[in-house]
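**Student:** Dropping the structure in here first, questions after.
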Amino acid sequence: MPSTPSDLYGLIDGNNFYVSCERVFNPRLENKPVVVLSNNDGCVVARSQEAKDLGIKMGVPWFQVRHLERKGLIAQSSNYALYADMSARMMSVMGQYSPRQEVYSIDESFLLFEGFGSWNLQEHLHRLRAQVRQWVGIPVCGGLGSTKTRAKLANRLAKRELEFGGVCHLESMDLREQARYLSRVEAGDVWGVGRRTTEKLAALNIRTALDLLKAPPDFIRQRFGVALERTVRELNGLACFGLEDEPAPRQQIVASRSFGQRVTELSELRESVLSYMARAGEKLRRQNSVCAVVGVFLRTNAFAPEEPQYHPMATIPLPSPAQDSFTLAKAAIRGLESIYRKGYRYQKAGVMLMELSPASQGQYGLFPEENGDRVTLSRLSDRINDRMGRDTLRLAGSLETGGWRMRRGAASPAYTTSWRELPLASS
DNA sequence: TCTGGGGTCCTAGGACCC
DNA sequence: TCTGGGGTCCTAGGACCC
């Protein structure tokens, strides 16, 4: 539900989150240009301020900036087990600062401040900031605004303009002051305005957040659609997006990876598909859904246009919605075998679980007791893997023999989630 | 040589129906 | 030959988010 006018949204997020997580356990990374790389050490997905200052852009392929190692650039492979755990700690501290929290992504939360009246929210967020820093070790910034879009904007200002000291309250400024700051933010930096829209807006001479705020909503709707119209209204203080405290279950679950090296053999593709399906099945059971359609896809390397290209997808409807890894894996393998062609160098494979519905509404098949055993076994396996570590139990066919596993050249240990990898303190 | 992964929503167009 | 109008559903593609 949209909030009443006096309600305020806060948006708090971690600065250079993945890099900050690495720095908590490896202080030698402080004050140095550091980047965190995507799977297979493919692209830059996080940058320290020093790395940004070197001109490294978000998302660039690592091989294009790798030469900067000579200038002191340090690269870490991504360590999602660590980031997810640090995120949970950070979110739980943030959640203590408002009764209403929406965890929006791995590194940011919206907080809704309803009925806080004359409470000094700016001070409030400064305290939050200090506490997250002290308890979790992650630097964060906060923005306050009358809508989510304005809170996002305020957060961006808090990051960029040093005079805010890490917290920016947009509604505490008079209109003239707001306009001054909004005219310094590019339209493309507004939440909901992507690359394509930025180009189209520029052609209409709408270049800054202030220009966009002043654009007539009807005109924007007609030229760009309802999504951008909402953004414009939100910029003007009309809340179009409410707080979503209760995350809706996913409508679709995807598990896919690029391979560490190109794959040509069906046997290796089978291993990879089984291992991705194990991941997808865990997610499905965690949200207690069942799946009616399984998808499998393959992809050759689109960056090598001289090679023959092939990117097929198979969708396999299940006889009745299922939740257990055995049924899902069988369908996926059948799909894989139907689309596999010899003679291609595959770069990536993936599975999709589609047409999900709550397990409680699931329809039972012809052999419910057999089905029930499989579900029980899958859930048991989830619990064991949860306790003993991922892949302690897995489907036999997913044992790896090939080189499809991803590369992670410089990964940090799972400091907080594995007893074997706890950091040691020496005096 | 080397280029991530996982989501959502909106829209346009076609098939189909009455 | 001439050939309405409106609704639904599905799909593919585009755009956006992190």
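To be explicit about the labels: the chains of the structure tokens are called A, B, and onward in the order shown, and within each one the residues are counted from 1, while ligands get numbers from 1 in the order they are shown.
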So which residues touch DG7 (chain C) within 12 Å, counting only C-alpha atoms (C1' of nucleotides), skipping near sequence neighbours fewer than 3 positions away, as an NGL selection string?

**Tutor:** :B and (16-18)

**Student:** May I have the residues from that selection written out with C-alpha atoms (C1' of nucleotides), as a compact mmCIF listing (two decimals), in the first residue's frame?

**Tutor:**
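Result saved to selection_29.txt:
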# COMPACT_ATOMS: atom_id res chain seq x y z
C1' DC B 16 -8.72 -18.13 -31.18
C1' DC B 17 -13.48 -17.43 -29.80
C1' DC B 18 -18.11 -15.45 -29.92

**Student:** Please, which residues of chain A lie no more than 6 Å from chain B when the count uses only C-alpha atoms (C1' of nucleotides), and can they be set out as a ChimeraX atom specification?

**Tutor:** /A:38-39,61,63

**Student:** Excluding region 263-273 of chain A and residues on its chain fewer than 4 positions from it, collect all residues at most 12 Å away from it, counting only C-alpha atoms (C1' of nucleotides), and give them as a PyMOL selection string.

**Tutor:** chain A and resi 254-259+277-281+294-301+325+328-352+394-406

**Student:** Which residues come within 12 Å of Arg286 (chain A), counting only C-alpha atoms (C1' of nucleotides), excluding same-chain residues fewer than 4 positions away, as a PyMOL selection string?

**Tutor:** chain A and resi 249-250+253+279-282+290+323-324+358-359+378-379+382-383+386

**Student:** Just to be explicit: take each residue in the selection above, keep all heavy atoms, and write the result as a CSV table (one decimal), in the first residue's frame.

**Tutor:**
chain,number,residue,atom,x,y,z
A,249,PRO,N,6.6,-15.6,-3.1
A,249,PRO,CA,7.4,-16.7,-3.6
A,249,PRO,C,7.8,-16.5,-5.1
A,249,PRO,O,7.0,-15.9,-5.8
A,249,PRO,CB,6.5,-17.9,-3.4
A,249,PRO,CG,5.1,-17.4,-3.1
A,249,PRO,CD,5.3,-16.0,-2.6
A,250,ARG,N,8.9,-17.0,-5.5
A,250,ARG,CA,9.4,-16.8,-6.8
A,250,ARG,C,8.4,-17.5,-7.8
A,250,ARG,O,7.9,-18.5,-7.5
A,250,ARG,CB,10.7,-17.5,-7.0
A,250,ARG,CG,11.8,-16.9,-6.1
A,250,ARG,CD,12.7,-16.0,-6.9
A,250,ARG,NE,13.5,-15.1,-6.1
A,250,ARG,CZ,13.2,-13.9,-5.8
A,250,ARG,NH1,12.1,-13.3,-6.3
A,250,ARG,NH2,13.9,-13.1,-5.0
A,253,ILE,N,12.4,-20.3,-11.1
A,253,ILE,CA,13.7,-20.6,-10.5
A,253,ILE,C,14.7,-21.0,-11.6
A,253,ILE,O,14.4,-21.9,-12.4
A,253,ILE,CB,13.6,-21.6,-9.4
A,253,ILE,CG1,12.8,-21.1,-8.2
A,253,ILE,CG2,15.0,-22.0,-9.0
A,253,ILE,CD1,12.5,-22.1,-7.2
A,279,ARG,N,20.6,-27.6,-7.3
A,279,ARG,CA,20.5,-26.3,-6.7
A,279,ARG,C,19.1,-25.7,-6.8
A,279,ARG,O,18.6,-25.2,-5.9
A,279,ARG,CB,21.5,-25.4,-7.5
A,279,ARG,CG,22.3,-24.4,-6.7
A,279,ARG,CD,23.5,-24.8,-6.0
A,279,ARG,NE,23.5,-26.0,-5.2
A,279,ARG,CZ,24.4,-26.9,-5.1
A,279,ARG,NH1,25.4,-26.9,-5.9
A,279,ARG,NH2,24.3,-27.9,-4.3
A,280,ALA,N,18.6,-25.9,-8.0
A,280,ALA,CA,17.2,-25.4,-8.3
A,280,ALA,C,16.2,-26.1,-7.4
A,280,ALA,O,15.3,-25.4,-6.8
A,280,ALA,CB,16.9,-25.5,-9.8
A,281,GLY,N,16.4,-27.4,-7.2
A,281,GLY,CA,15.4,-28.1,-6.4
A,281,GLY,C,15.4,-27.7,-5.0
A,281,GLY,O,14.4,-27.5,-4.3
A,282,GLU,N,16.6,-27.4,-4.4
A,282,GLU,CA,16.8,-26.9,-3.1
A,282,GLU,C,16.0,-25.6,-2.9
A,282,GLU,O,15.3,-25.4,-1.9
A,282,GLU,CB,18.2,-26.6,-2.7
A,282,GLU,CG,19.0,-27.9,-2.4
A,282,GLU,CD,20.5,-27.6,-2.3
A,282,GLU,OE1,20.9,-26.4,-2.3
A,282,GLU,OE2,21.3,-28.5,-2.4
A,290,VAL,N,5.8,-26.3,-5.7
A,290,VAL,CA,5.9,-27.4,-6.7
A,290,VAL,C,6.0,-26.8,-8.1
A,290,VAL,O,5.6,-25.7,-8.3
A,290,VAL,CB,4.8,-28.4,-6.6
A,290,VAL,CG1,4.8,-29.2,-5.3
A,290,VAL,CG2,3.4,-27.7,-6.8
A,323,GLN,N,8.2,-31.8,-6.7
A,323,GLN,CA,9.1,-31.0,-5.8
A,323,GLN,C,10.4,-31.7,-5.6
A,323,GLN,O,11.4,-31.2,-5.1
A,323,GLN,CB,8.4,-30.8,-4.5
A,323,GLN,CG,9.0,-29.8,-3.6
A,323,GLN,CD,8.2,-29.7,-2.3
A,323,GLN,OE1,7.9,-30.7,-1.7
A,323,GLN,NE2,8.0,-28.5,-1.8
A,324,ASP,N,10.5,-33.0,-5.9
A,324,ASP,CA,11.6,-33.8,-5.5
A,324,ASP,C,12.7,-33.8,-6.7
A,324,ASP,O,12.3,-33.7,-7.8
A,324,ASP,CB,11.2,-35.3,-5.2
A,324,ASP,CG,10.8,-36.0,-6.5
A,324,ASP,OD1,9.6,-35.8,-6.9
A,324,ASP,OD2,11.6,-36.7,-7.1
A,358,PRO,N,2.2,-23.1,-4.8
A,358,PRO,CA,2.4,-23.5,-3.4
A,358,PRO,C,2.2,-25.0,-3.3
A,358,PRO,O,1.2,-25.5,-3.9
A,358,PRO,CB,1.4,-22.7,-2.6
A,358,PRO,CG,1.0,-21.6,-3.5
A,358,PRO,CD,1.2,-22.0,-4.9
A,359,ALA,N,3.1,-25.7,-2.6
A,359,ALA,CA,2.9,-27.2,-2.5
A,359,ALA,C,1.6,-27.5,-1.8
A,359,ALA,O,1.0,-28.6,-2.1
A,359,ALA,CB,4.1,-27.7,-1.7
A,378,SER,N,14.3,-36.1,-0.7
A,378,SER,CA,14.9,-34.9,-1.2
A,378,SER,C,15.1,-33.9,0.0
A,378,SER,O,16.1,-33.2,0.2
A,378,SER,CB,14.1,-34.2,-2.3
A,378,SER,OG,14.1,-35.0,-3.4
A,379,ARG,N,14.0,-33.8,0.8
A,379,ARG,CA,14.1,-32.9,2.0
A,379,ARG,C,15.1,-33.3,3.0
A,379,ARG,O,15.8,-32.5,3.6
A,379,ARG,CB,12.7,-32.8,2.6
A,379,ARG,CG,11.7,-32.0,1.8
A,379,ARG,CD,10.4,-31.7,2.5
A,379,ARG,NE,9.6,-30.7,1.9
A,379,ARG,CZ,9.8,-29.4,1.9
A,379,ARG,NH1,10.8,-28.9,2.6
A,379,ARG,NH2,9.0,-28.6,1.2
A,382,ASP,N,18.4,-32.2,1.7
A,382,ASP,CA,18.5,-30.8,1.9
A,382,ASP,C,19.1,-30.5,3.3
A,382,ASP,O,20.0,-29.7,3.5
A,382,ASP,CB,17.2,-30.0,1.7
A,382,ASP,CG,16.8,-30.0,0.3
A,382,ASP,OD1,17.6,-30.3,-0.6
A,382,ASP,OD2,15.6,-29.7,0.0
A,383,ARG,N,18.5,-31.2,4.3
A,383,ARG,CA,18.8,-31.0,5.7
A,383,ARG,C,20.3,-31.4,5.9
A,383,ARG,O,21.0,-30.7,6.6
A,383,ARG,CB,17.9,-31.7,6.6
A,383,ARG,CG,16.6,-30.9,6.8
A,383,ARG,CD,15.6,-31.6,7.6
A,383,ARG,NE,16.0,-31.9,9.0
A,383,ARG,CZ,15.4,-32.8,9.8
A,383,ARG,NH1,14.2,-33.4,9.3
A,383,ARG,NH2,15.8,-33.0,11.0
A,386,ASP,N,22.6,-29.0,4.4
A,386,ASP,CA,22.6,-27.8,5.2
A,386,ASP,C,23.5,-27.9,6.3
A,386,ASP,O,24.3,-26.9,6.7
A,386,ASP,CB,21.1,-27.5,5.6
A,386,ASP,CG,20.8,-26.0,5.7
A,386,ASP,OD1,21.3,-25.3,4.9
A,386,ASP,OD2,20.1,-25.6,6.6

**Student:** What are the DSSP strand (DSSP E) residues of region 193-320 of chain A, as a PyMOL selection string?

**Tutor:** chain A and resi 253-263+289-300+313-320

**Student:** Have a look at CA of Ala75 (chain A) and CA of Pro139 (chain A) and let me know their distance in Å, one decimal.

**Tutor:**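 If I compute the distance from CA of Ala75 (chain A) to CA of Pro139 (chain A), I get 20.0 Å.
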